[in-house]
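A.B. asks: File follows, final_18.pdb with PDB, C-alpha atoms, pLDDT in the B column:
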ATOM      1  CA  MET M   1      68.349 -20.231  -7.815  1.00 75.00           C
ATOM      2  CA  ALA M   2      66.308 -17.041  -8.156  1.00 82.00           C
ATOM      3  CA  MET M   3      63.125 -18.988  -8.898  1.00 85.00           C
ATOM      4  CA  THR M   4      63.635 -20.966  -5.704  1.00 90.00           C
ATOM      5  CA  TRP M   5      63.444 -17.736  -3.743  1.00 92.00           C
ATOM      6  CA  VAL M   6      60.435 -16.526  -5.712  1.00 91.00           C
ATOM      7  CA  TRP M   7      58.458 -19.726  -5.136  1.00 88.00           C
ATOM      8  CA  THR M   8      59.503 -19.938  -1.486  1.00 91.00           C
ATOM      9  CA  GLY M   9      58.441 -16.326  -0.983  1.00 91.00           C
ATOM     10  CA  MET M  10      55.067 -16.929  -2.638  1.00 89.00           C
ATOM     11  CA  VAL M  11      54.388 -19.976  -0.475  1.00 88.00           C
ATOM     12  CA  ALA M  12      55.496 -18.170   2.697  1.00 90.00           C
ATOM     13  CA  LEU M  13      53.333 -15.126   1.916  1.00 90.00           C
ATOM     14  CA  SER M  14      50.360 -17.369   1.169  1.00 88.00           C
ATOM     15  CA  LEU M  15      50.770 -19.127   4.501  1.00 88.00           C
ATOM     16  CA  VAL M  16      51.147 -15.844   6.400  1.00 91.00           C
ATOM     17  CA  PHE M  17      48.071 -14.259   4.781  1.00 89.00           C
ATOM     18  CA  GLY M  18      46.082 -17.500   5.102  1.00 87.00           C
ATOM     19  CA  ALA M  19      46.851 -17.641   8.821  1.00 88.00           C
ATOM     20  CA  ALA M  20      46.226 -13.905   9.306  1.00 90.00           C
ATOM     21  CA  THR M  21      42.815 -14.023   7.610  1.00 90.00           C
ATOM     22  CA  GLY M  22      41.764 -17.346   9.123  1.00 88.00           C
ATOM     23  CA  ASN M  23      41.648 -19.068   5.715  1.00 89.00           C
ATOM     24  CA  LEU M  24      44.387 -21.645   6.309  1.00 87.00           C
ATOM     25  CA  ALA M  25      41.995 -24.559   5.683  1.00 89.00           C
ATOM     26  CA  ALA M  26      40.846 -23.009   2.383  1.00 90.00           C
ATOM     27  CA  LEU M  27      44.489 -22.417   1.436  1.00 87.00           C
ATOM     28  CA  GLY M  28      45.316 -26.085   2.034  1.00 87.00           C
ATOM     29  CA  ALA M  29      42.278 -27.222   0.028  1.00 90.00           C
ATOM     30  CA  ALA M  30      43.187 -24.892  -2.858  1.00 89.00           C
ATOM     31  CA  ALA M  31      46.783 -26.157  -2.859  1.00 87.00           C
ATOM     32  CA  LEU M  32      45.636 -29.777  -3.052  1.00 89.00           C
ATOM     33  CA  GLU M  33      43.090 -28.970  -5.786  1.00 91.00           C
ATOM     34  CA  GLY M  34      45.768 -27.133  -7.775  1.00 87.00           C
ATOM     35  CA  ALA M  35      48.155 -30.074  -7.448  1.00 88.00           C
ATOM     36  CA  ARG M  36      45.443 -32.500  -8.606  1.00 89.00           C
ATOM     37  CA  GLY M  37      44.593 -30.281 -11.579  1.00 85.00           C
ATOM     38  CA  ALA M  38      48.269 -29.984 -12.529  1.00 84.00           C
ATOM     39  CA  VAL M  39      48.712 -33.769 -12.553  1.00 87.00           C
ATOM     40  CA  GLU M  40      45.544 -34.251 -14.629  1.00 82.00           C
ATOM     41  CA  LEU M  41      46.705 -31.644 -17.142  1.00 77.00           C
ATOM     42  CA  CYS M  42      50.169 -33.222 -17.395  1.00 81.00           C
ATOM     43  CA  VAL M  43      48.728 -36.687 -18.001  1.00 82.00           C
ATOM     44  CA  SER M  44      46.320 -35.434 -20.662  1.00 74.00           C
ATOM     45  CA  MET M  45      49.090 -33.416 -22.351  1.00 73.00           C
ATOM     46  CA  ALA M  46      51.433 -36.406 -22.399  1.00 79.00           C
ATOM     47  CA  GLY M  47      49.345 -38.069 -25.097  1.00 77.00           C
ATOM     48  CA  VAL M  48      49.362 -34.997 -27.325  1.00 70.00           C
ATOM     49  CA  LEU M  49      53.103 -34.512 -26.894  1.00 72.00           C
ATOM     50  CA  CYS M  50      53.821 -38.177 -27.589  1.00 79.00           C
ATOM     51  CA  LEU M  51      51.710 -38.061 -30.740  1.00 75.00           C
ATOM     52  CA  TRP M  52      53.408 -35.022 -32.260  1.00 70.00           C
ATOM     53  CA  THR M  53      56.895 -35.986 -31.107  1.00 72.00           C
ATOM     54  CA  GLY M  54      56.253 -39.306 -32.857  1.00 80.00           C
ATOM     55  CA  VAL M  55      55.168 -37.442 -35.985  1.00 75.00           C
ATOM     56  CA  MET M  56      58.444 -35.507 -35.917  1.00 71.00           C
ATOM     57  CA  GLU M  57      60.386 -38.756 -35.529  1.00 78.00           C
ATOM     58  CA  VAL M  58      58.532 -40.302 -38.482  1.00 84.00           C
ATOM     59  CA  LEU M  59      59.325 -37.192 -40.542  1.00 75.00           C
ATOM     60  CA  SER M  60      62.968 -37.557 -39.604  1.00 73.00           C
ATOM     61  CA  GLN M  61      63.186 -41.322 -40.249  1.00 85.00           C
ATOM     62  CA  SER M  62      61.343 -41.109 -43.565  1.00 87.00           C
ATOM     63  CA  GLY M  63      63.621 -38.394 -44.899  1.00 79.00           C
ATOM     64  CA  LEU M  64      60.919 -35.743 -45.002  1.00 76.00           C
ATOM     65  CA  THR M  65      63.062 -33.448 -42.870  1.00 65.00           C
ATOM     66  CA  ALA M  66      65.584 -33.479 -45.720  1.00 67.00           C
ATOM     67  CA  TYR M  67      62.736 -32.570 -48.075  1.00 76.00           C
ATOM     68  CA  LEU M  68      61.662 -29.787 -45.712  1.00 69.00           C
ATOM     69  CA  ALA M  69      65.257 -28.586 -45.572  1.00 65.00           C
ATOM     70  CA  GLY M  70      65.153 -28.295 -49.345  1.00 72.00           C
ATOM     71  CA  ALA M  71      61.825 -26.465 -49.218  1.00 79.00           C
ATOM     72  CA  PHE M  72      63.134 -24.025 -46.611  1.00 76.00           C
ATOM     73  CA  ARG M  73      66.554 -23.631 -48.270  1.00 77.00           C
ATOM     74  CA  PRO M  74      65.695 -20.539 -50.391  1.00 84.00           C
ATOM     75  CA  LEU M  75      64.366 -18.662 -47.362  1.00 83.00           C
ATOM     76  CA  LEU M  76      67.085 -19.907 -45.018  1.00 81.00           C
ATOM     77  CA  ARG M  77      69.803 -19.099 -47.560  1.00 82.00           C
ATOM     78  CA  ARG M  78      68.780 -15.442 -47.333  1.00 85.00           C
ATOM     79  CA  LEU M  79      68.327 -15.399 -43.550  1.00 86.00           C
ATOM     80  CA  LEU M  80      71.109 -17.752 -42.434  1.00 86.00           C
ATOM     81  CA  PRO M  81      73.644 -18.073 -45.282  1.00 84.00           C
ATOM     82  CA  ASN M  82      76.431 -19.644 -43.198  1.00 81.00           C
ATOM     83  CA  ALA M  83      74.135 -22.249 -41.665  1.00 78.00           C
ATOM     84  CA  CYS M  84      72.994 -23.316 -45.128  1.00 75.00           C
ATOM     85  CA  ARG M  85      76.527 -24.258 -46.137  1.00 81.00           C
ATOM     86  CA  ASP M  86      76.569 -27.229 -43.753  1.00 82.00           C
ATOM     87  CA  PRO M  87      73.931 -29.915 -44.521  1.00 81.00           C
ATOM     88  CA  GLU M  88      73.851 -31.114 -40.901  1.00 83.00           C
ATOM     89  CA  THR M  89      73.204 -27.601 -39.584  1.00 84.00           C
ATOM     90  CA  LEU M  90      70.608 -26.936 -42.274  1.00 81.00           C
ATOM     91  CA  SER M  91      68.823 -30.172 -41.381  1.00 79.00           C
ATOM     92  CA  ALA M  92      68.778 -29.255 -37.662  1.00 83.00           C
ATOM     93  CA  VAL M  93      67.492 -25.741 -38.382  1.00 85.00           C
ATOM     94  CA  SER M  94      64.819 -27.121 -40.723  1.00 81.00           C
ATOM     95  CA  ALA M  95      63.704 -29.723 -38.180  1.00 79.00           C
ATOM     96  CA  ASN M  96      63.412 -26.970 -35.573  1.00 83.00           C
ATOM     97  CA  ILE M  97      61.361 -24.800 -37.924  1.00 82.00           C
ATOM     98  CA  SER M  98      59.127 -27.771 -38.787  1.00 77.00           C
ATOM     99  CA  ALA M  99      58.468 -28.504 -35.110  1.00 77.00           C
ATOM    100  CA  ASN M 100      57.685 -24.848 -34.486  1.00 81.00           C
ATOM    101  CA  LEU M 101      55.307 -24.753 -37.470  1.00 78.00           C
ATOM    102  CA  LEU M 102      53.409 -27.630 -35.864  1.00 72.00           C
ATOM    103  CA  GLY M 103      53.338 -25.776 -32.543  1.00 71.00           C
ATOM    104  CA  LEU M 104      55.519 -28.363 -30.823  1.00 72.00           C
ATOM    105  CA  GLY M 105      57.566 -26.214 -28.479  1.00 71.00           C
ATOM    106  CA  ASN M 106      58.647 -29.236 -26.447  1.00 70.00           C
ATOM    107  CA  ALA M 107      59.896 -31.072 -29.532  1.00 72.00           C
ATOM    108  CA  ALA M 108      61.366 -27.906 -31.054  1.00 79.00           C
ATOM    109  CA  THR M 109      63.502 -27.089 -28.008  1.00 82.00           C
ATOM    110  CA  PRO M 110      66.022 -29.967 -28.300  1.00 83.00           C
ATOM    111  CA  LEU M 111      66.112 -29.491 -32.065  1.00 83.00           C
ATOM    112  CA  GLY M 112      66.811 -25.790 -31.585  1.00 87.00           C
ATOM    113  CA  ILE M 113      69.563 -26.510 -29.067  1.00 89.00           C
ATOM    114  CA  ARG M 114      71.173 -28.928 -31.518  1.00 89.00           C
ATOM    115  CA  ALA M 115      70.963 -26.378 -34.336  1.00 88.00           C
ATOM    116  CA  ALA M 116      72.398 -23.636 -32.100  1.00 88.00           C
ATOM    117  CA  ARG M 117      75.308 -25.884 -31.064  1.00 89.00           C
ATOM    118  CA  LEU M 118      76.058 -26.663 -34.689  1.00 88.00           C
ATOM    119  CA  MET M 119      75.851 -22.973 -35.619  1.00 87.00           C
ATOM    120  CA  SER M 120      78.155 -21.951 -32.765  1.00 86.00           C
ATOM    121  CA  ARG M 121      81.024 -24.233 -33.798  1.00 81.00           C
ATOM    122  CA  GLY M 122      84.163 -22.221 -34.313  1.00 67.00           C
ATOM    123  CA  GLY M 123      82.601 -19.118 -32.812  1.00 66.00           C
ATOM    124  CA  GLY M 124      85.095 -18.876 -29.970  1.00 71.00           C
ATOM    125  CA  GLY M 125      82.362 -18.591 -27.354  1.00 70.00           C
ATOM    126  CA  ALA M 126      80.686 -15.551 -28.906  1.00 75.00           C
ATOM    127  CA  ALA M 127      77.289 -15.745 -30.560  1.00 79.00           C
ATOM    128  CA  SER M 128      77.307 -14.773 -34.221  1.00 84.00           C
ATOM    129  CA  ASP M 129      74.676 -12.536 -35.780  1.00 85.00           C
ATOM    130  CA  GLU M 130      73.209 -15.606 -37.491  1.00 86.00           C
ATOM    131  CA  LEU M 131      72.938 -17.508 -34.239  1.00 87.00           C
ATOM    132  CA  CYS M 132      71.189 -14.548 -32.583  1.00 87.00           C
ATOM    133  CA  LEU M 133      68.831 -14.316 -35.553  1.00 88.00           C
ATOM    134  CA  PHE M 134      68.099 -18.050 -35.353  1.00 89.00           C
ATOM    135  CA  VAL M 135      67.335 -17.805 -31.629  1.00 89.00           C
ATOM    136  CA  THR M 136      65.007 -14.871 -32.341  1.00 89.00           C
ATOM    137  CA  LEU M 137      63.188 -16.763 -35.100  1.00 86.00           C
ATOM    138  CA  ASN M 138      63.024 -19.892 -32.950  1.00 86.00           C
ATOM    139  CA  THR M 139      61.568 -17.973 -30.030  1.00 85.00           C
ATOM    140  CA  ALA M 140      59.013 -16.020 -32.085  1.00 86.00           C
ATOM    141  CA  SER M 141      58.217 -18.946 -34.461  1.00 83.00           C
ATOM    142  CA  ILE M 142      55.334 -18.990 -36.887  1.00 81.00           C
ATOM    143  CA  GLN M 143      52.845 -21.671 -35.886  1.00 82.00           C
ATOM    144  CA  LEU M 144      50.556 -23.113 -38.501  1.00 81.00           C
ATOM    145  CA  LEU M 145      49.094 -25.713 -36.178  1.00 80.00           C
ATOM    146  CA  PRO M 146      49.340 -24.835 -32.458  1.00 82.00           C
ATOM    147  CA  THR M 147      49.052 -28.415 -31.246  1.00 77.00           C
ATOM    148  CA  THR M 148      50.351 -27.852 -27.712  1.00 76.00           C
ATOM    149  CA  VAL M 149      47.961 -24.976 -27.034  1.00 82.00           C
ATOM    150  CA  ALA M 150      45.093 -26.900 -28.633  1.00 82.00           C
ATOM    151  CA  GLY M 151      45.982 -29.903 -26.483  1.00 79.00           C
ATOM    152  CA  VAL M 152      45.832 -27.801 -23.326  1.00 82.00           C
ATOM    153  CA  ARG M 153      42.499 -26.328 -24.418  1.00 87.00           C
ATOM    154  CA  ALA M 154      41.083 -29.793 -25.182  1.00 84.00           C
ATOM    155  CA  ALA M 155      42.325 -31.142 -21.854  1.00 79.00           C
ATOM    156  CA  LEU M 156      40.533 -28.318 -20.073  1.00 81.00           C
ATOM    157  CA  GLY M 157      37.241 -29.073 -21.839  1.00 86.00           C
ATOM    158  CA  CYS M 158      37.218 -26.719 -24.843  1.00 88.00           C
ATOM    159  CA  GLN M 159      34.709 -27.867 -27.479  1.00 91.00           C
ATOM    160  CA  ASP M 160      36.704 -26.489 -30.434  1.00 92.00           C
ATOM    161  CA  PRO M 161      40.372 -26.283 -29.404  1.00 89.00           C
ATOM    162  CA  PHE M 162      41.530 -25.129 -32.844  1.00 89.00           C
ATOM    163  CA  ASP M 163      39.182 -22.131 -33.103  1.00 91.00           C
ATOM    164  CA  ILE M 164      42.171 -19.964 -32.186  1.00 91.00           C
ATOM    165  CA  LEU M 165      43.930 -20.570 -35.521  1.00 90.00           C
ATOM    166  CA  PRO M 166      43.389 -17.122 -37.113  1.00 92.00           C
ATOM    167  CA  ALA M 167      44.573 -15.354 -33.951  1.00 91.00           C
ATOM    168  CA  VAL M 168      47.602 -17.646 -33.677  1.00 89.00           C
ATOM    169  CA  TRP M 169      48.523 -17.123 -37.328  1.00 91.00           C
ATOM    170  CA  LEU M 170      48.252 -13.356 -37.039  1.00 93.00           C
ATOM    171  CA  SER M 171      50.113 -13.051 -33.747  1.00 92.00           C
ATOM    172  CA  SER M 172      52.893 -15.469 -34.716  1.00 89.00           C
ATOM    173  CA  ALA M 173      53.417 -13.745 -38.077  1.00 91.00           C
ATOM    174  CA  ALA M 174      53.556 -10.383 -36.304  1.00 94.00           C
ATOM    175  CA  SER M 175      56.030 -11.663 -33.696  1.00 92.00           C
ATOM    176  CA  VAL M 176      58.332 -13.197 -36.320  1.00 91.00           C
ATOM    177  CA  THR M 177      58.222 -10.016 -38.398  1.00 92.00           C
ATOM    178  CA  ALA M 178      58.975  -7.841 -35.368  1.00 94.00           C
ATOM    179  CA  GLY M 179      61.775 -10.163 -34.244  1.00 91.00           C
ATOM    180  CA  LEU M 180      63.324 -10.350 -37.698  1.00 90.00           C
ATOM    181  CA  LEU M 181      63.215  -6.575 -38.214  1.00 92.00           C
ATOM    182  CA  THR M 182      64.602  -5.887 -34.735  1.00 92.00           C
ATOM    183  CA  ALA M 183      67.416  -8.412 -35.172  1.00 88.00           C
ATOM    184  CA  ARG M 184      68.353  -6.936 -38.564  1.00 87.00           C
ATOM    185  CA  LEU M 185      68.291  -3.408 -37.136  1.00 90.00           C
ATOM    186  CA  LEU M 186      70.467  -4.395 -34.190  1.00 88.00           C
ATOM    187  CA  MET M 187      72.915  -6.167 -36.515  1.00 84.00           C
ATOM    188  CA  ARG M 188      73.405  -2.915 -38.428  1.00 85.00           C
ATOM    189  CA  VAL M 189      73.578  -0.716 -35.320  1.00 85.00           C
ATOM    190  CA  TRP M 190      75.959  -3.042 -33.484  1.00 77.00           C
ATOM    191  CA  ARG M 191      78.395  -3.171 -36.428  1.00 70.00           C
ATOM    192  CA  ASP M 192      78.762   0.589 -36.637  1.00 54.00           C
TER
END
Would you mind giving the structure from this file in structure tokens?

C.D. replies:
Amino acid sequence: MAMTWVWTGMVALSLVFGAATGNLAALGAAALEGARGAVELCVSMAGVLCLWTGVMEVLSQSGLTAYLAGAFRPLLRRLLPNACRDPETLSAVSANISANLLGLGNAATPLGIRAARLMSRGGGGAASDELCLFVTLNTASIQLLPTTVAGVRAALGCQDPFDILPAVWLSSAASVTAGLLTARLLMRVWRD
């Protein structure tokens, strides 16, 4: 509801200032150009998203998500010990981490929601420390291959859409580290 007011206010202010400055025709042309650009970007991104969502489905159907769950188990056992006790929850968390590693935010979101639902069972409506930590790690997420960002860059004409890899690796590692340390600190402070 709040975003409705924000967008309505932005449109109203644009119309008022466009009329006041005599640039109403330019405002209309810019709005139509922006709408056309948005549709072109969405269509070009659809192919990238379909490709990587398909890759995630192939990983799931071939059993590689179970293999990834095993590969992530030592790390997840230390970070999320209760989630690791249930194979279904561990599989959902691992699938979410795999999608995030591939930079597939759109594919990772439903997987993360599923993992969070499984982790919240029996919580009585309150989020556990593990669930909060999972949400933090999911939000910060280390990305090895930022496919969505690279897809946007390619759609907008970038010659080398993956030239951002070192910056993405550094910033995602820093965000996960900061999120993990902050979550651990807050877990200790909140308990006391």

A.B. asks: Identify which of the residues M:Cys50, M:Val93, M:Leu27, M:Ala155 lies closest to Val135 of chain M, counting all atoms listed in the file when measuring atom-to-atom distances.

C.D. replies: M:Val93

A.B. asks: Which of these, M:Tyr67, M:Asp160, M:Arg153, M:Gln143, has the shortest distance to Ser175 of chain M once you count all atoms listed in the file?

C.D. replies: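 Looking only at the distances to Ser175 of chain M, the closest residue turns out to be M:Gln143.
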
A.B. asks: Step by step, work through what the PyMOL selection byres ((chain M and resi 117) around 12) selects in the shown file, and finish by giving those residues as a list in words.

C.D. replies: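 On this input, the PyMOL selection byres ((chain M and resi 117) around 12) captures Ala83, Glu88, Thr89, Ala92, Val93, Pro110, Leu111, Gly112, Ile113, Arg114, Ala115, Ala116, Leu118, Met119, Ser120, Arg121, Gly122, Gly123, Gly125, Ala126, Ala127, Ser128, Leu131, Phe134 and Val135 of chain M.
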
A.B. asks: On this structure, the PyMOL selection byres ((chain M and resi 102-109) around 9) would catch which residues? List them as a list of chain:residue names, sorted by chain and number.

C.D. replies: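 Checked against the file, the PyMOL selection byres ((chain M and resi 102-109) around 9) matches M:Leu49, M:Trp52, M:Thr53, M:Met56, M:Ala95, M:Asn96, M:Ile97, M:Ser98, M:Ala99, M:Asn100, M:Leu101, M:Pro110, M:Leu111, M:Gly112, M:Ile113, M:Arg114, M:Asn138, M:Ser141, M:Ile142, M:Gln143, M:Leu144, M:Leu145, M:Pro146, M:Thr147, M:Thr148, M:Val149.
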
A.B. asks: Can you list, as a list in words, every protein, DNA or RNA residue that comes within 8 Å of Gly179 of chain M when you count all atoms listed in the file, leaving out same-chain residues fewer than 3 positions away?

C.D. replies: Thr136, Leu137, Ala140, Ser175, Val176, Thr182 and Ala183 of chain M

A.B. asks: Please measure the separation of atom CA of Arg78 of chain M and atom CA of Ala173 of chain M, giving the value in Å to one decimal.

C.D. replies: 18.0 Å

A.B. asks: Once you add 3 Å to each side, what are the centre and edge lengths of the axis-aligned box holding all listed atoms of segment 92-104 of chain M? One decimal in Å, as lines of an AutoDock Vina configuration file, if you can.

C.D. replies:
center_x = 61.1
center_y = -27.2
center_z = -35.8
size_x = 21.4
size_y = 11.0
size_z = 15.9

A.B. asks: So how far away is atom CA of Ala38 of chain M from atom CA of Gly22 of chain M, in Å?

C.D. replies: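 It comes out at 25.9 Å.
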
A.B. asks: Ranking M:Pro166, M:Gly124, M:Gly63, M:Gly47 by minimum distance to Val152 of chain M and counting all atoms listed in the file, which one comes first?

C.D. replies: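 Ranked by minimum distance to Val152 of chain M, first place goes to M:Gly47.
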
A.B. asks: Go through M:Ala12, M:Trp5, M:Leu170, M:Leu133 and flag the residue nearest Arg184 of chain M, using only C-alpha atoms for the distances.

C.D. replies: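 With only C-alpha atoms as the atom set, the closest residue is M:Leu133.
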
A.B. asks: Kindly indicate which residue among M:Gly151, M:Gly157, M:Pro87, M:Gly9 lies nearest to Cys42 of chain M, using all atoms listed in the file for the distances.

C.D. replies: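 Between M:Gly151, M:Gly157, M:Pro87, M:Gly9, the residue approaching Cys42 of chain M most closely is M:Gly151.
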
A.B. asks: Between M:Ser44, M:Ser172, M:Gln159, M:Thr8, which one has atoms that come closest to Thr139 of chain M, using all atoms listed in the file?

C.D. replies: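 Closest residue, counting all atoms listed in the file: M:Ser172.
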
A.B. asks: Using atom CA of Ala178 of chain M and atom CA of Ala150 of chain M as the two end points, give the distance in Å to one decimal.

C.D. replies: 24.5 Å

A.B. asks: Return segment 74-98 of chain M, completed with N, CA and C atoms, as a short mmCIF file (atom, residue, chain, number, x, y, z; two decimals), in the frame of the given file.

C.D. replies:
data_model
loop_
_atom_site.label_atom_id
_atom_site.label_comp_id
_atom_site.auth_asym_id
_atom_site.auth_seq_id
_atom_site.Cartn_x
_atom_site.Cartn_y
_atom_site.Cartn_z
N PRO M 74 65.65 -21.90 -49.82
CA PRO M 74 65.69 -20.54 -50.39
C PRO M 74 65.52 -19.44 -49.33
N LEU M 75 64.58 -19.65 -48.42
CA LEU M 75 64.37 -18.66 -47.36
C LEU M 75 65.54 -18.64 -46.38
N LEU M 76 65.98 -19.83 -45.99
CA LEU M 76 67.08 -19.91 -45.02
C LEU M 76 68.40 -19.41 -45.60
N ARG M 77 68.58 -19.58 -46.92
CA ARG M 77 69.80 -19.10 -47.56
C ARG M 77 69.91 -17.58 -47.43
N ARG M 78 68.78 -16.90 -47.48
CA ARG M 78 68.78 -15.44 -47.33
C ARG M 78 68.93 -15.04 -45.87
N LEU M 79 68.29 -15.77 -44.97
CA LEU M 79 68.33 -15.40 -43.55
C LEU M 79 69.59 -15.89 -42.84
N LEU M 80 69.98 -17.13 -43.13
CA LEU M 80 71.11 -17.75 -42.43
C LEU M 80 72.08 -18.36 -43.45
N PRO M 81 72.81 -17.53 -44.20
CA PRO M 81 73.64 -18.07 -45.28
C PRO M 81 74.74 -19.02 -44.80
N ASN M 82 75.37 -18.76 -43.67
CA ASN M 82 76.43 -19.64 -43.20
C ASN M 82 75.89 -20.99 -42.74
N ALA M 83 74.73 -20.99 -42.13
CA ALA M 83 74.14 -22.25 -41.66
C ALA M 83 73.75 -23.14 -42.84
N CYS M 84 73.41 -22.54 -43.95
CA CYS M 84 72.99 -23.32 -45.13
C CYS M 84 74.16 -24.02 -45.81
N ARG M 85 75.36 -23.63 -45.50
CA ARG M 85 76.53 -24.26 -46.14
C ARG M 85 76.80 -25.65 -45.60
N ASP M 86 76.35 -25.93 -44.38
CA ASP M 86 76.57 -27.23 -43.75
C ASP M 86 75.25 -28.00 -43.76
N PRO M 87 75.19 -29.16 -44.44
CA PRO M 87 73.93 -29.92 -44.52
C PRO M 87 73.39 -30.35 -43.15
N GLU M 88 74.28 -30.69 -42.24
CA GLU M 88 73.85 -31.11 -40.90
C GLU M 88 73.18 -29.96 -40.15
N THR M 89 73.77 -28.78 -40.24
CA THR M 89 73.20 -27.60 -39.58
C THR M 89 71.88 -27.22 -40.24
N LEU M 90 71.84 -27.26 -41.56
CA LEU M 90 70.61 -26.94 -42.27
C LEU M 90 69.50 -27.90 -41.89
N SER M 91 69.82 -29.18 -41.77
CA SER M 91 68.82 -30.17 -41.38
C SER M 91 68.30 -29.90 -39.97
N ALA M 92 69.20 -29.55 -39.04
CA ALA M 92 68.78 -29.26 -37.66
C ALA M 92 67.91 -28.01 -37.60
N VAL M 93 68.29 -26.97 -38.35
CA VAL M 93 67.49 -25.74 -38.38
C VAL M 93 66.12 -26.03 -38.99
N SER M 94 66.09 -26.79 -40.07
CA SER M 94 64.82 -27.12 -40.72
C SER M 94 63.92 -27.96 -39.83
N ALA M 95 64.50 -28.91 -39.11
CA ALA M 95 63.70 -29.72 -38.18
C ALA M 95 63.12 -28.85 -37.08
N ASN M 96 63.91 -27.89 -36.58
CA ASN M 96 63.41 -26.97 -35.57
C ASN M 96 62.27 -26.13 -36.11
N ILE M 97 62.42 -25.62 -37.31
CA ILE M 97 61.36 -24.80 -37.92
C ILE M 97 60.10 -25.64 -38.14
N SER M 98 60.28 -26.89 -38.57
CA SER M 98 59.13 -27.77 -38.79
C SER M 98 58.37 -28.02 -37.48
#
